[in-house]
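S.K.: Provided herewith is a single structure, encoded as structure tokens, for subsequent inquiry.
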Amino acid sequence: MGVIIPTMVHYFFSNIIDSILKDCEERGYMVIIMQSNENYELEKKQVDLLLSKGVDGILISLSNKTRDTSHLKKIINSGIPLILFDKIDKNIKCSKIINDDRKAAYDAVCHLIKNGNKRIAHFRGALNPQNSIDRFLGYKKALTDNYIEYDTSLVYECKNNNRDDFVEGAELAKQLMIDHKDNVDAIFTVNDLISIGTLNYFNRNNIKVPNEVELFGFSNWFMTNVTTPSISSVEQNTNKIGEKAAEILFKELEQKANEEAILHETHIIETELIFRDSTNNKIK
């Protein structure tokens with residue numbers, strides 16, 4: 001099996017890989033793991049390499065830079081089952097394993113609103129990945145459904161390079177304080193590394209979380225439970241994502257072996273809100 005992920009260092013992807021490896025090895029399959037490093041050209045080369053190695057199936061979480069999907073269509077045209085997970089392209093005809101990022105973001109922001117916050121900033125991801133788009137749309141809908149005017153000046157775009165997210169979180173927090181120090185009361189971030197960088201800046205500059213600014217992350221990275229204060233986050237249930245991706249891949253391999261039509265499926269893995277000390281949690 002071939003697996004392509006954007007980065008190895010992210011807690012989210014390491015958990016998914018653990019589940020995929022476990023299921024594949026139990027069935028006697030070897031797994032080739034490749035990292036695109038958020039690089040579209042590298043992702044294309046890795047697909048070609050996996051195809052040349054004659055893998056039985058391919059699982060991919062797309063890079064942030066992937067817009068042209070001809071390399072994915074090459075996989076499909078070759079007759080090899082393709083599973084997309086987390087960062088997907090809705091227009092590709094294959095099975096997909098995702099979270100309902102829009103609903104998860106909506107629920108997180110609604111929680112911040114129920115805590116009494118009205119000026120909620122969003123450190124969003126890059127403009128391309130579908131999950132980044134959906135988290136932004138969930139944020140925006142939560143505001144409008146609660147009669148809070150959407151303010152573009154409270155939305156800051158992250159480059160979303162993973163390794164730099166911690167640094168960028170601190171930089172965005174600094175800029176937010178320059179722009180809105182006296183009129184922002186909460187932040188919802190696209191991922192936990194951004195949240196941790198944000199919290200680091202606040203702690204170094206004596207900005208009290210959650211008393212002055214509440215903070216809600218996304219991914220429930222293990223570090224969110226050991227920061228001071230600990231960070232509220234969205235649990236994505238990564239093990240279930242990996243397990244379901246492997247399960248569907250093996251189902252499609254069986255369908256292929258039996259010369260049956262491959263039935264593509266989209267599975268939504270449930271998320272949950274994890275409340276910690278970075279939010280006041282007056283209402284749950």
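Chain lettering (A, B, ...) mirrors the order of the structure tokens, residue numbering begins at 1 for each chain separately, and ligand numbering begins at 1 in order of display.
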What are the nearest atom pairs, with distances in Å to one decimal, for all residues of range 181-213 of chain A that come at most 12 Å from range 107-120 of chain A, using only C-alpha atoms, set out by chain and rising residue number as a Markdown table?

M.R.:
| residue | atom | partner | partner_atom | distance |
| --- | --- | --- | --- | --- |
| A:Lys181 | CA | A:Arg119 | CA | 11.0 |
| A:Asp182 | CA | A:Arg119 | CA | 10.2 |
| A:Asn183 | CA | A:Arg119 | CA | 6.6 |
| A:Val184 | CA | A:Arg119 | CA | 4.8 |
| A:Asp185 | CA | A:Arg119 | CA | 5.5 |
| A:Ala186 | CA | A:Ile120 | CA | 4.7 |
| A:Ile187 | CA | A:Ile120 | CA | 5.4 |
| A:Phe188 | CA | A:Val109 | CA | 6.9 |
| A:Thr189 | CA | A:Val109 | CA | 10.1 |
| A:Val190 | CA | A:Ala108 | CA | 11.2 |
| A:Pro210 | CA | A:Asn115 | CA | 10.8 |
| A:Asn211 | CA | A:Asn117 | CA | 11.3 |
| A:Glu212 | CA | A:Asn117 | CA | 10.6 |
| A:Val213 | CA | A:Asn117 | CA | 9.1 |

S.K.: Got a sec: who's within 10 Å of range 99-105 of chain A, counting only C-alpha atoms, leaving out chain neighbours fewer than 3 positions off, as number ranges by chain?

M.R.: A: 85-87, 108-111, 130-142, 188-190, 216-218, 233-238, 241, 267-273

S.K.: Could you please determine the separation between CA of Glu254 in chain A and CA of Phe13 in chain A in Å, to one decimal place?

M.R.: 26.1 Å

S.K.: Mind checking which residues fall within 12 Å of Val3 in chain A, counting only C-alpha atoms, ignoring those fewer than 4 positions away in the same chain, and posting them as an MDAnalysis selection string?

M.R.: chainID A and resid 7:8 13:14 16:18 20:21 24 30:36 43 46:47 49:51 55:62 82:85 242 245:246 249

S.K.: Would you save the residues of that selection, restricted to C-alpha atoms, as an mmCIF file, in the first residue's frame?

M.R.:
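New file out-v1.cif:
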data_model
loop_
_atom_site.group_PDB
_atom_site.id
_atom_site.type_symbol
_atom_site.label_atom_id
_atom_site.label_comp_id
_atom_site.auth_asym_id
_atom_site.auth_seq_id
_atom_site.Cartn_x
_atom_site.Cartn_y
_atom_site.Cartn_z
ATOM 1 C CA THR A 7 3.853 16.092 6.878
ATOM 2 C CA MET A 8 5.229 13.467 9.242
ATOM 3 C CA PHE A 13 -1.132 12.416 10.709
ATOM 4 C CA SER A 14 1.089 10.273 12.937
ATOM 5 C CA ILE A 16 -3.702 8.128 11.330
ATOM 6 C CA ILE A 17 -0.579 6.367 10.031
ATOM 7 C CA ASP A 18 -0.412 4.214 13.178
ATOM 8 C CA ILE A 20 -3.319 2.339 8.808
ATOM 9 C CA LEU A 21 -0.069 0.469 9.530
ATOM 10 C CA CYS A 24 -2.426 -3.297 6.797
ATOM 11 C CA MET A 30 3.575 -3.673 3.552
ATOM 12 C CA VAL A 31 3.089 0.103 3.602
ATOM 13 C CA ILE A 32 5.189 2.713 1.803
ATOM 14 C CA ILE A 33 4.799 6.088 3.557
ATOM 15 C CA MET A 34 5.728 9.279 1.719
ATOM 16 C CA GLN A 35 5.660 12.951 2.739
ATOM 17 C CA SER A 36 4.718 15.617 0.203
ATOM 18 C CA GLU A 43 3.136 14.844 -4.465
ATOM 19 C CA GLN A 46 5.357 10.348 -5.335
ATOM 20 C CA VAL A 47 2.174 9.156 -7.031
ATOM 21 C CA LEU A 49 6.701 6.352 -7.948
ATOM 22 C CA LEU A 50 3.995 4.389 -6.130
ATOM 23 C CA LEU A 51 2.371 3.470 -9.441
ATOM 24 C CA VAL A 55 1.173 -0.864 -5.157
ATOM 25 C CA ASP A 56 -2.247 -2.415 -4.597
ATOM 26 C CA GLY A 57 -3.873 0.760 -3.283
ATOM 27 C CA ILE A 58 -3.093 4.376 -2.448
ATOM 28 C CA LEU A 59 -4.279 6.593 0.407
ATOM 29 C CA ILE A 60 -3.617 10.343 0.185
ATOM 30 C CA SER A 61 -4.162 13.472 2.226
ATOM 31 C CA LEU A 62 -3.604 16.239 -0.305
ATOM 32 C CA LEU A 82 -7.680 5.493 -4.249
ATOM 33 C CA ILE A 83 -8.816 6.727 -0.845
ATOM 34 C CA LEU A 84 -8.610 10.424 0.071
ATOM 35 C CA PHE A 85 -8.638 11.390 3.735
ATOM 36 C CA GLY A 242 -7.087 5.658 9.790
ATOM 37 C CA ALA A 245 -9.560 4.493 5.442
ATOM 38 C CA ALA A 246 -7.908 1.060 5.624
ATOM 39 C CA LEU A 249 -9.469 0.319 0.877
#

S.K.: For a quick check of understanding, using only C-alpha atoms, which of A:Glu157, A:Glu168, A:Glu260, A:Asp277 has the smallest distance to Glu214 in chain A?

M.R.: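 Residue with the minimum atom-to-atom distance to Glu214 in chain A: A:Asp277.
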
S.K.: So, counting only C-alpha atoms, which residue among A:Val155, A:Ala257, A:Ile76, A:Ala173 is closest to Asn205 in chain A?

M.R.: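 Checking each of A:Val155, A:Ala257, A:Ile76, A:Ala173 against Asn205 in chain A, counting only C-alpha atoms, the winner is A:Ala173.
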
S.K.: Among range 46-203 of chain A, which residues carry a DSSP assignment of strand (DSSP E or B), reported as a PyMOL selection string?

M.R.: chain A and resi 58-60+82-85+95-99+120-124+155-157+186-189

S.K.: Got a sec to tell me which of range 92-278 of chain A DSSP assigns to alpha helix (DSSP H), as a ChimeraX atom specification?

M.R.: /A:101-114,130-145,165-180,192-204,238-257

S.K.: Grab the residues selected above and save them as an mmCIF file, in the first residue's frame with C-alpha atoms.

M.R.:
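The resulting file, result.cif, is shown below:
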data_model
loop_
_atom_site.group_PDB
_atom_site.id
_atom_site.type_symbol
_atom_site.label_atom_id
_atom_site.label_comp_id
_atom_site.auth_asym_id
_atom_site.auth_seq_id
_atom_site.Cartn_x
_atom_site.Cartn_y
_atom_site.Cartn_z
ATOM 1 C CA ASP A 101 -15.010 20.330 9.756
ATOM 2 C CA ARG A 102 -17.715 22.909 9.171
ATOM 3 C CA LYS A 103 -19.927 21.545 11.955
ATOM 4 C CA ALA A 104 -16.979 21.106 14.344
ATOM 5 C CA ALA A 105 -15.877 24.711 13.818
ATOM 6 C CA TYR A 106 -19.474 25.901 14.132
ATOM 7 C CA ASP A 107 -19.888 24.092 17.458
ATOM 8 C CA ALA A 108 -16.579 25.426 18.819
ATOM 9 C CA VAL A 109 -17.414 29.035 17.943
ATOM 10 C CA CYS A 110 -20.956 28.680 19.263
ATOM 11 C CA HIS A 111 -19.439 27.559 22.556
ATOM 12 C CA LEU A 112 -17.285 30.685 22.650
ATOM 13 C CA ILE A 113 -20.383 32.788 21.949
ATOM 14 C CA LYS A 114 -22.359 31.061 24.712
ATOM 15 C CA GLN A 130 -11.169 21.995 1.799
ATOM 16 C CA ASN A 131 -10.905 21.481 5.549
ATOM 17 C CA SER A 132 -9.490 24.999 5.969
ATOM 18 C CA ILE A 133 -12.366 26.393 3.931
ATOM 19 C CA ASP A 134 -14.939 24.423 5.918
ATOM 20 C CA ARG A 135 -13.551 25.517 9.295
ATOM 21 C CA PHE A 136 -13.723 29.135 8.167
ATOM 22 C CA LEU A 137 -17.303 28.681 6.910
ATOM 23 C CA GLY A 138 -18.290 27.054 10.203
ATOM 24 C CA TYR A 139 -16.793 29.995 12.091
ATOM 25 C CA LYS A 140 -18.645 32.492 9.922
ATOM 26 C CA LYS A 141 -21.989 30.681 10.142
ATOM 27 C CA ALA A 142 -21.767 30.482 13.929
ATOM 28 C CA LEU A 143 -21.427 34.264 14.053
ATOM 29 C CA THR A 144 -24.296 34.988 11.690
ATOM 30 C CA ASP A 145 -26.612 32.415 13.326
ATOM 31 C CA ASP A 165 2.617 27.008 12.657
ATOM 32 C CA PHE A 166 3.901 27.531 16.211
ATOM 33 C CA VAL A 167 5.919 30.580 15.147
ATOM 34 C CA GLU A 168 3.105 31.880 12.976
ATOM 35 C CA GLY A 169 0.617 31.535 15.818
ATOM 36 C CA ALA A 170 2.769 33.861 17.937
ATOM 37 C CA GLU A 171 3.152 36.306 15.054
ATOM 38 C CA LEU A 172 -0.596 36.395 14.389
ATOM 39 C CA ALA A 173 -1.329 36.871 18.084
ATOM 40 C CA LYS A 174 1.046 39.820 18.149
ATOM 41 C CA GLN A 175 -0.614 41.364 15.098
ATOM 42 C CA LEU A 176 -4.069 40.767 16.541
ATOM 43 C CA MET A 177 -3.092 42.627 19.698
ATOM 44 C CA ILE A 178 -1.754 45.523 17.624
ATOM 45 C CA ASP A 179 -4.985 45.658 15.617
ATOM 46 C CA HIS A 180 -7.606 44.759 18.241
ATOM 47 C CA ASP A 192 -3.574 23.367 17.711
ATOM 48 C CA LEU A 193 -0.025 24.349 16.774
ATOM 49 C CA ILE A 194 -1.353 27.794 15.895
ATOM 50 C CA SER A 195 -3.138 27.848 19.266
ATOM 51 C CA ILE A 196 0.010 26.870 21.161
ATOM 52 C CA GLY A 197 2.021 29.593 19.412
ATOM 53 C CA THR A 198 -0.735 32.072 20.229
ATOM 54 C CA LEU A 199 -0.777 31.034 23.873
ATOM 55 C CA ASN A 200 3.005 31.271 24.056
ATOM 56 C CA TYR A 201 2.862 34.897 22.891
ATOM 57 C CA PHE A 202 0.089 35.730 25.364
ATOM 58 C CA ASN A 203 1.963 34.137 28.284
ATOM 59 C CA ARG A 204 5.155 36.026 27.431
ATOM 60 C CA THR A 238 -7.726 10.264 14.156
ATOM 61 C CA ASN A 239 -7.518 6.556 14.936
ATOM 62 C CA LYS A 240 -11.006 6.100 13.522
ATOM 63 C CA ILE A 241 -10.017 8.017 10.382
ATOM 64 C CA GLY A 242 -7.087 5.658 9.790
ATOM 65 C CA GLU A 243 -9.107 2.552 10.590
ATOM 66 C CA LYS A 244 -11.943 3.532 8.263
ATOM 67 C CA ALA A 245 -9.560 4.493 5.442
ATOM 68 C CA ALA A 246 -7.908 1.060 5.624
ATOM 69 C CA GLU A 247 -11.267 -0.707 5.936
ATOM 70 C CA ILE A 248 -12.673 0.953 2.810
ATOM 71 C CA LEU A 249 -9.469 0.319 0.877
ATOM 72 C CA PHE A 250 -9.639 -3.415 1.621
ATOM 73 C CA LYS A 251 -13.321 -3.466 0.701
ATOM 74 C CA GLU A 252 -12.527 -1.928 -2.676
ATOM 75 C CA LEU A 253 -9.665 -4.373 -3.245
ATOM 76 C CA GLU A 254 -12.103 -7.218 -2.619
ATOM 77 C CA GLN A 255 -14.605 -5.715 -5.028
ATOM 78 C CA LYS A 256 -11.852 -5.410 -7.618
ATOM 79 C CA ALA A 257 -10.716 -9.018 -7.092
#

S.K.: Nearest to Leu154 in chain A among A:His122, A:Ile4, A:Pro129, A:Ile92, with distances taken over only C-alpha atoms: which residue is it?

M.R.: A:His122

S.K.: Could you check which of A:Ser278, A:Ser19, A:Asn191, A:Ser78 is closest to Val226 in chain A, using only C-alpha atoms?

M.R.: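 Of A:Ser278, A:Ser19, A:Asn191, A:Ser78, the one nearest Val226 in chain A is A:Ser278, counting only C-alpha atoms.
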
S.K.: What is the CA of Phe275 in chain A to CA of Asn220 in chain A distance in Å?

M.R.: 10.2 Å
